[in-house]
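Asker: Pasting start.cif below, which is mmCIF, N, CA and C atoms.
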data_upload
#
loop_
_atom_site.label_atom_id
_atom_site.label_comp_id
_atom_site.auth_asym_id
_atom_site.auth_seq_id
_atom_site.Cartn_x
_atom_site.Cartn_y
_atom_site.Cartn_z
N MET A 1 0.82 -1.19 0.00
CA MET A 1 0.00 0.00 0.00
C MET A 1 0.86 1.25 0.00
N ASN A 2 1.97 1.20 0.68
CA ASN A 2 2.87 2.34 0.75
C ASN A 2 3.35 2.73 -0.65
N GLU A 3 3.61 1.73 -1.49
CA GLU A 3 4.06 1.99 -2.85
C GLU A 3 2.96 2.67 -3.67
N ASN A 4 1.71 2.28 -3.45
CA ASN A 4 0.58 2.90 -4.15
C ASN A 4 0.45 4.37 -3.76
N VAL A 5 0.65 4.64 -2.49
CA VAL A 5 0.56 6.03 -2.02
C VAL A 5 1.68 6.85 -2.63
N GLU A 6 2.87 6.28 -2.68
CA GLU A 6 4.01 6.97 -3.29
C GLU A 6 3.74 7.28 -4.76
N ASN A 7 3.21 6.30 -5.48
CA ASN A 7 2.89 6.50 -6.89
C ASN A 7 1.81 7.57 -7.07
N LEU A 8 0.85 7.57 -6.19
CA LEU A 8 -0.22 8.57 -6.26
C LEU A 8 0.35 9.97 -6.02
N VAL A 9 1.23 10.08 -5.04
CA VAL A 9 1.86 11.38 -4.76
C VAL A 9 2.69 11.82 -5.96
N LEU A 10 3.44 10.90 -6.55
CA LEU A 10 4.24 11.25 -7.72
C LEU A 10 3.36 11.68 -8.89
N GLU A 11 2.25 11.03 -9.09
CA GLU A 11 1.32 11.43 -10.15
C GLU A 11 0.80 12.84 -9.92
N HIS A 12 0.45 13.14 -8.69
CA HIS A 12 -0.04 14.49 -8.37
C HIS A 12 1.06 15.52 -8.58
N LEU A 13 2.27 15.20 -8.18
CA LEU A 13 3.38 16.13 -8.37
C LEU A 13 3.66 16.37 -9.85
N ARG A 14 3.58 15.33 -10.65
CA ARG A 14 3.76 15.48 -12.10
C ARG A 14 2.65 16.36 -12.70
N ALA A 15 1.44 16.15 -12.25
CA ALA A 15 0.32 16.97 -12.74
C ALA A 15 0.52 18.43 -12.34
N ILE A 16 0.97 18.65 -11.12
CA ILE A 16 1.22 20.03 -10.66
C ILE A 16 2.34 20.66 -11.49
N ARG A 17 3.38 19.89 -11.76
CA ARG A 17 4.50 20.40 -12.57
C ARG A 17 4.01 20.76 -13.96
N ALA A 18 3.17 19.93 -14.54
CA ALA A 18 2.64 20.22 -15.88
C ALA A 18 1.78 21.49 -15.85
N ASP A 19 0.96 21.63 -14.84
CA ASP A 19 0.13 22.84 -14.71
C ASP A 19 1.01 24.08 -14.56
N MET A 20 2.08 23.97 -13.79
CA MET A 20 2.99 25.11 -13.60
C MET A 20 3.68 25.48 -14.91
N ALA A 21 4.05 24.48 -15.70
CA ALA A 21 4.67 24.75 -17.00
C ALA A 21 3.70 25.48 -17.92
N ARG A 22 2.43 25.06 -17.92
CA ARG A 22 1.41 25.74 -18.74
C ARG A 22 1.22 27.18 -18.27
N LEU A 23 1.21 27.38 -16.96
CA LEU A 23 1.07 28.74 -16.43
C LEU A 23 2.26 29.61 -16.82
N ALA A 24 3.45 29.04 -16.77
CA ALA A 24 4.64 29.81 -17.14
C ALA A 24 4.58 30.21 -18.62
N ASP A 25 4.16 29.30 -19.48
CA ASP A 25 4.00 29.63 -20.90
C ASP A 25 2.96 30.72 -21.10
N SER A 26 1.87 30.61 -20.37
CA SER A 26 0.81 31.61 -20.47
C SER A 26 1.32 32.98 -20.01
N MET A 27 2.09 33.00 -18.95
CA MET A 27 2.64 34.27 -18.45
C MET A 27 3.59 34.89 -19.47
N ARG A 28 4.41 34.08 -20.12
CA ARG A 28 5.33 34.61 -21.14
C ARG A 28 4.53 35.22 -22.29
N THR A 29 3.47 34.55 -22.69
CA THR A 29 2.63 35.07 -23.77
C THR A 29 2.00 36.40 -23.36
N MET A 30 1.50 36.47 -22.13
CA MET A 30 0.88 37.69 -21.64
C MET A 30 1.90 38.83 -21.55
N GLN A 31 3.12 38.52 -21.13
CA GLN A 31 4.15 39.55 -21.05
C GLN A 31 4.47 40.11 -22.44
N THR A 32 4.53 39.24 -23.43
CA THR A 32 4.78 39.69 -24.80
C THR A 32 3.65 40.57 -25.29
N GLU A 33 2.42 40.16 -25.02
CA GLU A 33 1.27 40.95 -25.45
C GLU A 33 1.24 42.30 -24.73
N MET A 34 1.56 42.32 -23.46
CA MET A 34 1.58 43.58 -22.71
C MET A 34 2.65 44.52 -23.25
N SER A 35 3.79 43.98 -23.61
CA SER A 35 4.86 44.80 -24.17
C SER A 35 4.41 45.42 -25.49
N ALA A 36 3.75 44.64 -26.32
CA ALA A 36 3.24 45.16 -27.60
C ALA A 36 2.19 46.25 -27.35
N MET A 37 1.33 46.03 -26.36
CA MET A 37 0.30 47.03 -26.05
C MET A 37 0.92 48.33 -25.54
N ARG A 38 1.97 48.20 -24.71
CA ARG A 38 2.66 49.41 -24.22
C ARG A 38 3.26 50.20 -25.37
N GLN A 39 3.89 49.50 -26.31
CA GLN A 39 4.49 50.18 -27.46
C GLN A 39 3.41 50.85 -28.31
N HIS A 40 2.30 50.17 -28.50
CA HIS A 40 1.21 50.76 -29.27
C HIS A 40 0.66 52.00 -28.58
N LEU A 41 0.47 51.91 -27.28
CA LEU A 41 -0.05 53.05 -26.52
C LEU A 41 0.91 54.23 -26.57
N ALA A 42 2.20 53.95 -26.50
CA ALA A 42 3.20 55.03 -26.60
C ALA A 42 3.08 55.73 -27.94
N GLY A 43 2.85 54.96 -29.00
CA GLY A 43 2.66 55.56 -30.32
C GLY A 43 1.41 56.42 -30.39
N VAL A 44 0.34 55.95 -29.78
CA VAL A 44 -0.91 56.71 -29.77
C VAL A 44 -0.73 58.02 -29.00
N VAL A 45 -0.04 57.96 -27.88
CA VAL A 45 0.19 59.18 -27.08
C VAL A 45 1.03 60.18 -27.88
N THR A 46 2.04 59.69 -28.57
CA THR A 46 2.88 60.57 -29.39
C THR A 46 2.05 61.25 -30.47
N LEU A 47 1.20 60.49 -31.14
CA LEU A 47 0.33 61.08 -32.17
C LEU A 47 -0.63 62.10 -31.58
N GLN A 48 -1.14 61.81 -30.40
CA GLN A 48 -2.07 62.72 -29.75
C GLN A 48 -1.37 64.03 -29.40
N GLU A 49 -0.15 63.95 -28.90
CA GLU A 49 0.60 65.17 -28.58
C GLU A 49 0.85 65.98 -29.84
N HIS A 50 1.18 65.32 -30.93
CA HIS A 50 1.39 66.00 -32.20
C HIS A 50 0.11 66.70 -32.66
N ASP A 51 -1.01 66.00 -32.53
CA ASP A 51 -2.29 66.58 -32.93
C ASP A 51 -2.64 67.80 -32.08
N HIS A 52 -2.34 67.76 -30.79
CA HIS A 52 -2.60 68.92 -29.93
C HIS A 52 -1.79 70.12 -30.40
N GLY A 53 -0.56 69.88 -30.82
CA GLY A 53 0.27 70.97 -31.34
C GLY A 53 -0.32 71.56 -32.61
N ASP A 54 -0.78 70.67 -33.51
CA ASP A 54 -1.40 71.14 -34.75
C ASP A 54 -2.66 71.95 -34.46
N ILE A 55 -3.47 71.50 -33.54
CA ILE A 55 -4.71 72.21 -33.19
C ILE A 55 -4.39 73.57 -32.60
N ALA A 56 -3.38 73.64 -31.75
CA ALA A 56 -2.99 74.93 -31.16
C ALA A 56 -2.52 75.90 -32.23
N ALA A 57 -1.76 75.39 -33.21
CA ALA A 57 -1.29 76.25 -34.30
C ALA A 57 -2.46 76.75 -35.13
N LEU A 58 -3.42 75.88 -35.43
CA LEU A 58 -4.60 76.29 -36.19
C LEU A 58 -5.42 77.32 -35.43
N LYS A 59 -5.57 77.12 -34.12
CA LYS A 59 -6.32 78.08 -33.30
C LYS A 59 -5.65 79.45 -33.35
N SER A 60 -4.33 79.46 -33.27
CA SER A 60 -3.59 80.71 -33.33
C SER A 60 -3.81 81.41 -34.67
N ARG A 61 -3.79 80.63 -35.76
CA ARG A 61 -4.01 81.22 -37.08
C ARG A 61 -5.42 81.77 -37.21
N VAL A 62 -6.41 81.03 -36.72
CA VAL A 62 -7.80 81.51 -36.78
C VAL A 62 -7.95 82.78 -35.95
N ASP A 63 -7.31 82.83 -34.79
CA ASP A 63 -7.38 84.04 -33.97
C ASP A 63 -6.80 85.24 -34.71
N ARG A 64 -5.67 85.06 -35.39
CA ARG A 64 -5.06 86.16 -36.15
C ARG A 64 -5.97 86.60 -37.30
N ILE A 65 -6.57 85.62 -37.99
CA ILE A 65 -7.47 85.96 -39.10
C ILE A 65 -8.68 86.73 -38.59
N GLU A 66 -9.25 86.28 -37.49
CA GLU A 66 -10.42 86.98 -36.90
C GLU A 66 -10.03 88.40 -36.50
N LYS A 67 -8.84 88.54 -35.96
CA LYS A 67 -8.39 89.88 -35.52
C LYS A 67 -8.22 90.80 -36.73
N ARG A 68 -7.62 90.28 -37.81
CA ARG A 68 -7.40 91.11 -39.01
C ARG A 68 -8.72 91.50 -39.67
N LEU A 69 -9.71 90.62 -39.60
CA LEU A 69 -11.00 90.91 -40.24
C LEU A 69 -11.97 91.60 -39.27
N ASP A 70 -11.48 91.95 -38.11
CA ASP A 70 -12.31 92.58 -37.07
C ASP A 70 -13.55 91.77 -36.75
N LEU A 71 -13.38 90.46 -36.64
CA LEU A 71 -14.48 89.57 -36.29
C LEU A 71 -14.49 89.22 -34.80
N VAL A 72 -13.52 89.75 -34.07
CA VAL A 72 -13.40 89.42 -32.65
C VAL A 72 -14.43 90.24 -31.88
N GLU A 73 -15.12 89.57 -30.98
CA GLU A 73 -16.15 90.26 -30.19
C GLU A 73 -15.56 91.01 -29.03
#
Rewrite the structure of this file - the entire thing - as structure tokens.

Answerer:
Amino acid sequence: MNENVENLVLEHLRAIRADMARLADSMRTMQTEMSAMRQHLAGVVTLQEHDHGDIAALKSRVDRIEKRLDLVE
């Protein structure tokens, strides 16, 4: 009976090891995906900052045009 218990414990340990290996693979995949998402988000933020600069320049131009045409209230 002692041998059966030992075999049962070994089976459980092997199953746990297999589960841990699957979890480790899953974590590596998630880390890769998170890294890609961070890079994508950094690109989006850069574009947004550029767009804010363009909008500010356009606002300045519109303000000058309104001032020259005496359209300012």

Asker: If you count only C-alpha atoms, which residues fall within 12 Å of Glu73 in chain A, apart from same-chain ones fewer than 6 positions away, as a VMD selection string?

Answerer: chain A and resid 63 66 to 67

Asker: Enter the distance from atom C of Met20 in chain A to atom C of Met34 in chain A, in Å, rounded to one decimal.

Answerer: 20.8 Å

Asker: Rounded to one decimal in Å, what is the spacing between CA of Asp19 in chain A and atom N of Gln31 in chain A?

Answerer: 17.2 Å

Asker: Go ahead and compute the interatomic distance for atom N of Leu41 in chain A and atom N of Ser26 in chain A, in Å to one decimal.

Answerer: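 Between atom N of Leu41 in chain A and atom N of Ser26 in chain A the gap is 22.4 Å.
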